[in-house]
Amino acid sequence: MRLQRLAETDRAAVSFVLDGTPVAALEGDSLLTAILAHDGYLRVSEFGDGLRAGFCLMGACQDCWVNVEGGGRVRACTTPLTGGMRVSRRIVQP
Amino acid sequence: MSILIIGAGPAGTRAAEVLVSAGLRPIVIDEAPENGGRIYQRQPAGFRRDPRTLYGFEAAKARAIHDVFDQLRPSIDFRPRTLAWNLRQGVIDTICDGKASAVPFAQTILCTGAMDRAVPLPGWTLPGVFTLGGSQIALKAQGCAIGAKVAFLGTGPLLYLVAYQYARAGAQVTAVLDTTPFAVKAAQAFGLMRGGATFAKGLYYIAWLRARGIRIAEGVTPLAIEGSDRVELVSWRDARGTNHEAAVDAVAIGFGLKPEAQLADLAGVPFDFDPVQHNWVPRKDPSGRTSVGGVFLAGDGGGIRGADLAEAAGARAAWAVLAARGLAADARAVARLDATLAAGASFRAALERAFPFPAKLAADMADETILCRCEVITAGELRAAANEALATLSPSEVNRAKALTRVGMGRCQGRVCGAAAAEVLAAALSCPAEQVGRLRGQPPVKPIPILPAEAA
Amino acid sequence: MSATSTDVLIVGGGGAGCSTALHLAKRGARCILLERGQIGGQASGVNYGGVRQQGRHPAELPLARRARDIWAKLPKLIGTDCEFEVTGHLKLARNQAEEADLIAYLDVAKANGLPLIMIGGNVIHQQYPWLGPDVVAGSFAPDDGAANPRLLSPALARAARDAGADIRQFTPVSHLAHDGTQFVVTSGEHEFRARYLVNTAGYWGGAVARAFGEQVPVSPLSPNMLVTEPLPYFIAPNLGVVGGDVYLRQIRRGNVIFGGGRGQSDPDVPSSRPSPEASAAVMAKALQLVPQLAGAQVIRSWTGIDGEMPDQIPVIGLSRTTPDLFHAFGFSGHGFQLGPAVGAIMSELVLDRHTDVPLEPFRIDRFAADQSFNQQGQRHDASHHA
């Protein structure tokens, strides 16, 4: 699964860093959109059942928390992407 | 003393409008960076789609809500990006950009909205499975489909609407799988007619999808979502008992909506069980007033009635707040709102009977199914605890089950799995779902960061 | 009104009451436990989960030592270890005065056979590199640890029932009396009669004692606690501080549980809820101990109701007004570790009229009889890690 961009693909380009690799996204993307349009998961479940990619997209299910360097733990679906953000999907030591 | 409106969707907007017209300056708090709520969520900077594309038939309503809010802005204290995480006697605790505040209030109108209800099924934690509402947000707020080949699975009017919106936007809709049999919906046709335009729109979406050859199956039993580390397949059993599967890379699931009523719970508002939708609904009078002094409810957070009635309920609750402050009400406006709310109620009742919550589907889920997706607890683990309870300490209820198994104990605090957990537990204890109760709210209603002393 | 007769009535289904039922039943005594709500619904079920001997009042240590032996044998006794893990308990000093306090306690520990290792400022930061710079020393109790409080009382109750005890939830007691030959306890339209009565009713134990003419200055105590989302496991020991204003531990699943300060409660309902002010204060104190927790997400906070005595140690032992009445309540926020031993002791008091654990410091009339009592004792933790 990857999110499929269907509309408004002519927005300005923004780049961010995902697990150490530069990734292109679009202005106005949420962090969740920016990540899932590029690659199909957001985080690894702590309890050994595999990958997760969020669920509700409205800040309710709490299944899309990722780590942003300098920004701590954030909910990807309610966090706007900003250029240069460095995001880690790994389980990070606080 | 302040009036605090929690939620800047249709209910909160109309509530603020009435209060401002009475010369008051309410504080309006919303978690989102912009107003509009989930239903009329504004697209971020950089997007340029027109309201017709974004909101379809509801474009005029969306635009009206946005316009009203924009006009209100100078007259209200709008606090976006702000989470109201606790409610106690006369105070709501908030956090915004890492700064905590305790906001006192004389009256508060909780317009906290709703979220999708899910019935767990094997594979529902795989990347590519989203809620129906979430799938709609991906499209509306971000111009994205949740996958290249999407199945829609569940029940309720949103199922066909979102499938229609996806297909219209150019997404490949592989199947629409409705767990409600056609006959159940048909039996409510008379009541649904009273919905007028709303009912007609529903029929239109279904006809539109059929006309384009999109597979629609009614009365299905979902079997599983399969794949390794991503969705690859969805399978179901049709009403005649034949198994089917379809190759997809994303599945949108939703079984109606549930109120986001955690703040009402923390306020101490009593809840009642809705036997059709199996929702626990905070108790309020027709004006939105609760038995807890100063606490009023409007919109779907006080019981699912949809966006149109949320607007009316928001305005009505604001009039109730004015009355509580000893201010005169516009009797004609109040009467009009009461009539709107009463008329809407009968259509809503038919709609809910047309798409009842599939309690049996939840109760019957396989032992291996992950029930609590936060803590990764299976239905079997909950049943084992229930059997233990039966053996020793019966009767039991969901909070005890949570304590013993960790079901509902994770980041979402049981929002997502609570309803299904109650069905599994009730079935295991051979009692009605109502009897096992509901998960109690505990602060914070959503995660808050550990903050240093200077942030408090 | 219907009536049921038994040998021993136990009022209160927390850890103390359930273990009393278990030990009585195992020795063949007939007993009925009456619990107003659910087993372990208050202090016993919603506490921090500390299984800690270090820092206790000297008078409590013999009891805590006996309890620790039982904790090790829980799987055999009740079929589960209740997630008990011997992580060690590390009690931290944040200044010189607190360090002096730790050093003074070494003698108390030694006298009671409790192993303690003092760790100085340099070594402690090498050994636990995640500790904040304010920590100047610590004392480590290798035999201490933590367990899941939600599991203990129900597991004790189940084992008690399997051994023949009659466990009754949702059975609030409305009237207690002694008719000259036996105790008569009323719940709704039902009467329970027994020769012996054991009062393990937590905060409400004060009311039970009052029913028999014993005034006890017990007040409600609601420790304020929080838990984070799961984080990578890095904090092995259960952490406390001198003075007890913060306590913190991480479970294997990754969640960090911490607490300090007090929530609010109304024991008459009963209801309790955590306090946002206390939560904010203890967040800052937790960050002082483990700075890298900054920004970790708190997913829940809670409290419950325990009974607190003015001198922070419980009432345990014989009634001074009524023969065959036995008390064990007012554990003042640190009864969770003691619970398994309390039952053993109560069963001995009932059946043997004697126990080896010295109970004199816990006598119920100590406040009326001798106001200076307990001031002789070593300074101890007023902390609320049960």
# chains A, B, ... in the order shown; residues from 1 in each chain; ligands from 1
>>> residues_around(residues="Ala53 of chain A", least_positions_apart="4", cutoff="6 Å", atoms="only C-alpha atoms", output="list in words")
Tyr41 and Leu42 of chain A; Pro127 of chain B
>>> residues_around(residues="Leu36 of chain A", least_positions_apart="5", cutoff="12 Å", atoms="only C-alpha atoms", output="PyMOL selection string")
(chain A and resi 1-5+18+23-25+29-31+41-43+52-54+57+64+76-77+89) or (chain B and resi 127-128+138+142+144-147+230)
>>> atom_distance(atom1="atom CA of Pro129 of chain C", atom2="atom CA of Gly88 of chain C")
16.7 Å
>>> residues_around(residues="Ala93 of chain C", least_positions_apart="4", cutoff="7 Å", atoms="only C-alpha atoms", output="list in words")
Glu98, Glu99, Val135, Val136, Ala137, Gly138, Val241 and Val242 of chain C
>>> atom_distance(atom1="atom CA of Asn238 of chain C", atom2="atom CA of Leu338 of chain C")
16.9 Å
>>> closest_atom_pairs(of="chain B", to="chain A", cutoff="7 Å", atoms="only C-alpha atoms", output="tab-separated table")
residue	atom	partner	partner_atom	distance
B:Pro44	CA	A:Gly28	CA	5.3
B:Ala45	CA	A:Gly28	CA	5.7
B:Gly46	CA	A:Gly28	CA	5.7
B:Phe47	CA	A:Glu8	CA	6.4
B:Thr125	CA	A:Arg52	CA	6.5
B:Leu126	CA	A:Arg52	CA	6.1
B:Pro127	CA	A:Ala53	CA	4.6
B:Gly128	CA	A:Met1	CA	5.4
B:Val129	CA	A:Phe55	CA	6.5
B:Phe130	CA	A:Phe55	CA	4.4
B:Thr131	CA	A:Cys56	CA	5.2
B:Gly133	CA	A:Cys56	CA	6.9
B:Gly134	CA	A:Leu57	CA	4.7
B:Ile137	CA	A:Leu57	CA	6.9
B:Gln142	CA	A:Asp29	CA	6.5
B:Gly143	CA	A:Ala7	CA	4.9
B:Cys144	CA	A:Arg5	CA	4.4
B:Ala145	CA	A:Gln4	CA	5.0
B:Ile146	CA	A:Leu3	CA	4.8
B:Gly147	CA	A:Leu3	CA	5.1
B:Ala148	CA	A:Gln4	CA	6.2
B:Ala169	CA	A:Leu6	CA	6.8
B:Gly170	CA	A:Leu6	CA	6.8
B:Asp229	CA	A:Leu51	CA	5.9
B:Arg230	CA	A:Met1	CA	6.2
B:Val231	CA	A:Met1	CA	6.7
B:Asp249	CA	A:Met1	CA	5.2
B:Ala250	CA	A:Met1	CA	6.3
B:Val376	CA	A:Phe47	CA	6.6
B:Arg411	CA	A:Gln62	CA	5.9
B:Cys412	CA	A:Cys61	CA	5.3
B:Arg415	CA	A:Cys61	CA	6.9
B:Val416	CA	A:Cys61	CA	6.2
>>> write_last_selection(atoms="N, CA and C atoms", output="mmCIF file, in the first residue's frame")
data_model
loop_
_atom_site.group_PDB
_atom_site.id
_atom_site.type_symbol
_atom_site.label_atom_id
_atom_site.label_comp_id
_atom_site.auth_asym_id
_atom_site.auth_seq_id
_atom_site.Cartn_x
_atom_site.Cartn_y
_atom_site.Cartn_z
ATOM 1 N N PRO B 44 -5.306 22.215 3.796
ATOM 2 C CA PRO B 44 -4.163 23.030 4.207
ATOM 3 C C PRO B 44 -3.767 24.033 3.114
ATOM 4 N N ALA B 45 -2.909 24.972 3.496
ATOM 5 C CA ALA B 45 -2.360 25.934 2.532
ATOM 6 C C ALA B 45 -1.715 25.180 1.378
ATOM 7 N N GLY B 46 -1.873 25.708 0.192
ATOM 8 C CA GLY B 46 -1.269 25.065 -0.968
ATOM 9 C C GLY B 46 -2.294 24.338 -1.825
ATOM 10 N N PHE B 47 -3.428 23.923 -1.182
ATOM 11 C CA PHE B 47 -4.491 23.247 -1.939
ATOM 12 C C PHE B 47 -5.448 24.286 -2.506
ATOM 13 N N THR B 125 -4.936 -4.748 11.434
ATOM 14 C CA THR B 125 -3.852 -3.851 11.832
ATOM 15 C C THR B 125 -2.825 -3.670 10.708
ATOM 16 N N LEU B 126 -2.993 -4.377 9.586
ATOM 17 C CA LEU B 126 -2.021 -4.276 8.493
ATOM 18 C C LEU B 126 -1.996 -2.870 7.904
ATOM 19 N N PRO B 127 -0.811 -2.405 7.488
ATOM 20 C CA PRO B 127 -0.760 -1.144 6.749
ATOM 21 C C PRO B 127 -1.650 -1.233 5.501
ATOM 22 N N GLY B 128 -2.492 -0.244 5.327
ATOM 23 C CA GLY B 128 -3.430 -0.255 4.213
ATOM 24 C C GLY B 128 -4.869 -0.396 4.665
ATOM 25 N N VAL B 129 -5.087 -0.702 5.935
ATOM 26 C CA VAL B 129 -6.453 -0.726 6.474
ATOM 27 C C VAL B 129 -6.674 0.586 7.223
ATOM 28 N N PHE B 130 -7.681 1.321 6.789
ATOM 29 C CA PHE B 130 -8.000 2.597 7.431
ATOM 30 C C PHE B 130 -9.487 2.623 7.734
ATOM 31 N N THR B 131 -9.884 3.565 8.575
ATOM 32 C CA THR B 131 -11.318 3.730 8.797
ATOM 33 C C THR B 131 -11.937 4.415 7.578
ATOM 34 N N GLY B 133 -13.945 6.981 7.694
ATOM 35 C CA GLY B 133 -13.780 8.420 7.892
ATOM 36 C C GLY B 133 -12.369 8.857 7.547
ATOM 37 N N GLY B 134 -11.397 8.031 7.928
ATOM 38 C CA GLY B 134 -10.005 8.339 7.618
ATOM 39 C C GLY B 134 -9.757 8.339 6.119
ATOM 40 N N ILE B 137 -11.004 11.527 4.813
ATOM 41 C CA ILE B 137 -10.104 12.636 5.135
ATOM 42 C C ILE B 137 -8.893 12.637 4.209
ATOM 43 N N GLN B 142 -6.252 15.808 1.767
ATOM 44 C CA GLN B 142 -4.914 15.600 1.222
ATOM 45 C C GLN B 142 -4.899 15.215 -0.263
ATOM 46 N N GLY B 143 -6.076 15.046 -0.849
ATOM 47 C CA GLY B 143 -6.134 14.703 -2.270
ATOM 48 C C GLY B 143 -5.596 13.323 -2.585
ATOM 49 N N CYS B 144 -5.636 12.426 -1.594
ATOM 50 C CA CYS B 144 -5.060 11.092 -1.765
ATOM 51 C C CYS B 144 -6.111 9.999 -1.591
ATOM 52 N N ALA B 145 -5.911 8.894 -2.314
ATOM 53 C CA ALA B 145 -6.645 7.664 -2.026
ATOM 54 C C ALA B 145 -5.772 6.813 -1.119
ATOM 55 N N ILE B 146 -6.409 5.948 -0.308
ATOM 56 C CA ILE B 146 -5.621 5.152 0.643
ATOM 57 C C ILE B 146 -4.865 4.020 -0.044
ATOM 58 N N GLY B 147 -5.136 3.771 -1.313
ATOM 59 C CA GLY B 147 -4.396 2.747 -2.035
ATOM 60 C C GLY B 147 -4.752 2.808 -3.506
ATOM 61 N N ALA B 148 -4.170 1.890 -4.271
ATOM 62 C CA ALA B 148 -4.434 1.862 -5.706
ATOM 63 C C ALA B 148 -5.684 1.042 -6.018
ATOM 64 N N ALA B 169 -13.293 10.556 -7.785
ATOM 65 C CA ALA B 169 -11.982 11.217 -7.787
ATOM 66 C C ALA B 169 -10.958 10.449 -8.622
ATOM 67 N N GLY B 170 -11.373 9.298 -9.149
ATOM 68 C CA GLY B 170 -10.475 8.558 -10.029
ATOM 69 C C GLY B 170 -9.779 7.385 -9.379
ATOM 70 N N ASP B 229 2.892 -7.688 5.988
ATOM 71 C CA ASP B 229 3.326 -6.302 6.150
ATOM 72 C C ASP B 229 2.574 -5.297 5.297
ATOM 73 N N ARG B 230 1.561 -5.732 4.548
ATOM 74 C CA ARG B 230 0.680 -4.800 3.835
ATOM 75 C C ARG B 230 -0.536 -5.568 3.355
ATOM 76 N N VAL B 231 -1.579 -4.843 3.043
ATOM 77 C CA VAL B 231 -2.813 -5.485 2.568
ATOM 78 C C VAL B 231 -2.597 -6.047 1.169
ATOM 79 N N ASP B 249 -5.061 -3.409 -2.304
ATOM 80 C CA ASP B 249 -3.930 -2.988 -1.478
ATOM 81 C C ASP B 249 -4.364 -2.069 -0.342
ATOM 82 N N ALA B 250 -5.670 -1.822 -0.264
ATOM 83 C CA ALA B 250 -6.165 -1.009 0.859
ATOM 84 C C ALA B 250 -7.620 -1.368 1.128
ATOM 85 N N VAL B 376 -2.105 -5.031 21.483
ATOM 86 C CA VAL B 376 -2.017 -6.321 20.804
ATOM 87 C C VAL B 376 -2.505 -7.453 21.724
ATOM 88 N N ARG B 411 -2.582 3.391 23.965
ATOM 89 C CA ARG B 411 -2.569 4.822 23.632
ATOM 90 C C ARG B 411 -3.958 5.392 23.373
ATOM 91 N N CYS B 412 -4.852 4.599 22.760
ATOM 92 C CA CYS B 412 -6.167 5.176 22.408
ATOM 93 C C CYS B 412 -7.150 5.048 23.552
ATOM 94 N N ARG B 415 -10.774 3.676 22.806
ATOM 95 C CA ARG B 415 -11.643 4.309 21.799
ATOM 96 C C ARG B 415 -11.979 3.360 20.662
ATOM 97 N N VAL B 416 -10.929 2.680 20.170
ATOM 98 C CA VAL B 416 -11.098 1.891 18.949
ATOM 99 C C VAL B 416 -11.702 0.522 19.256
#
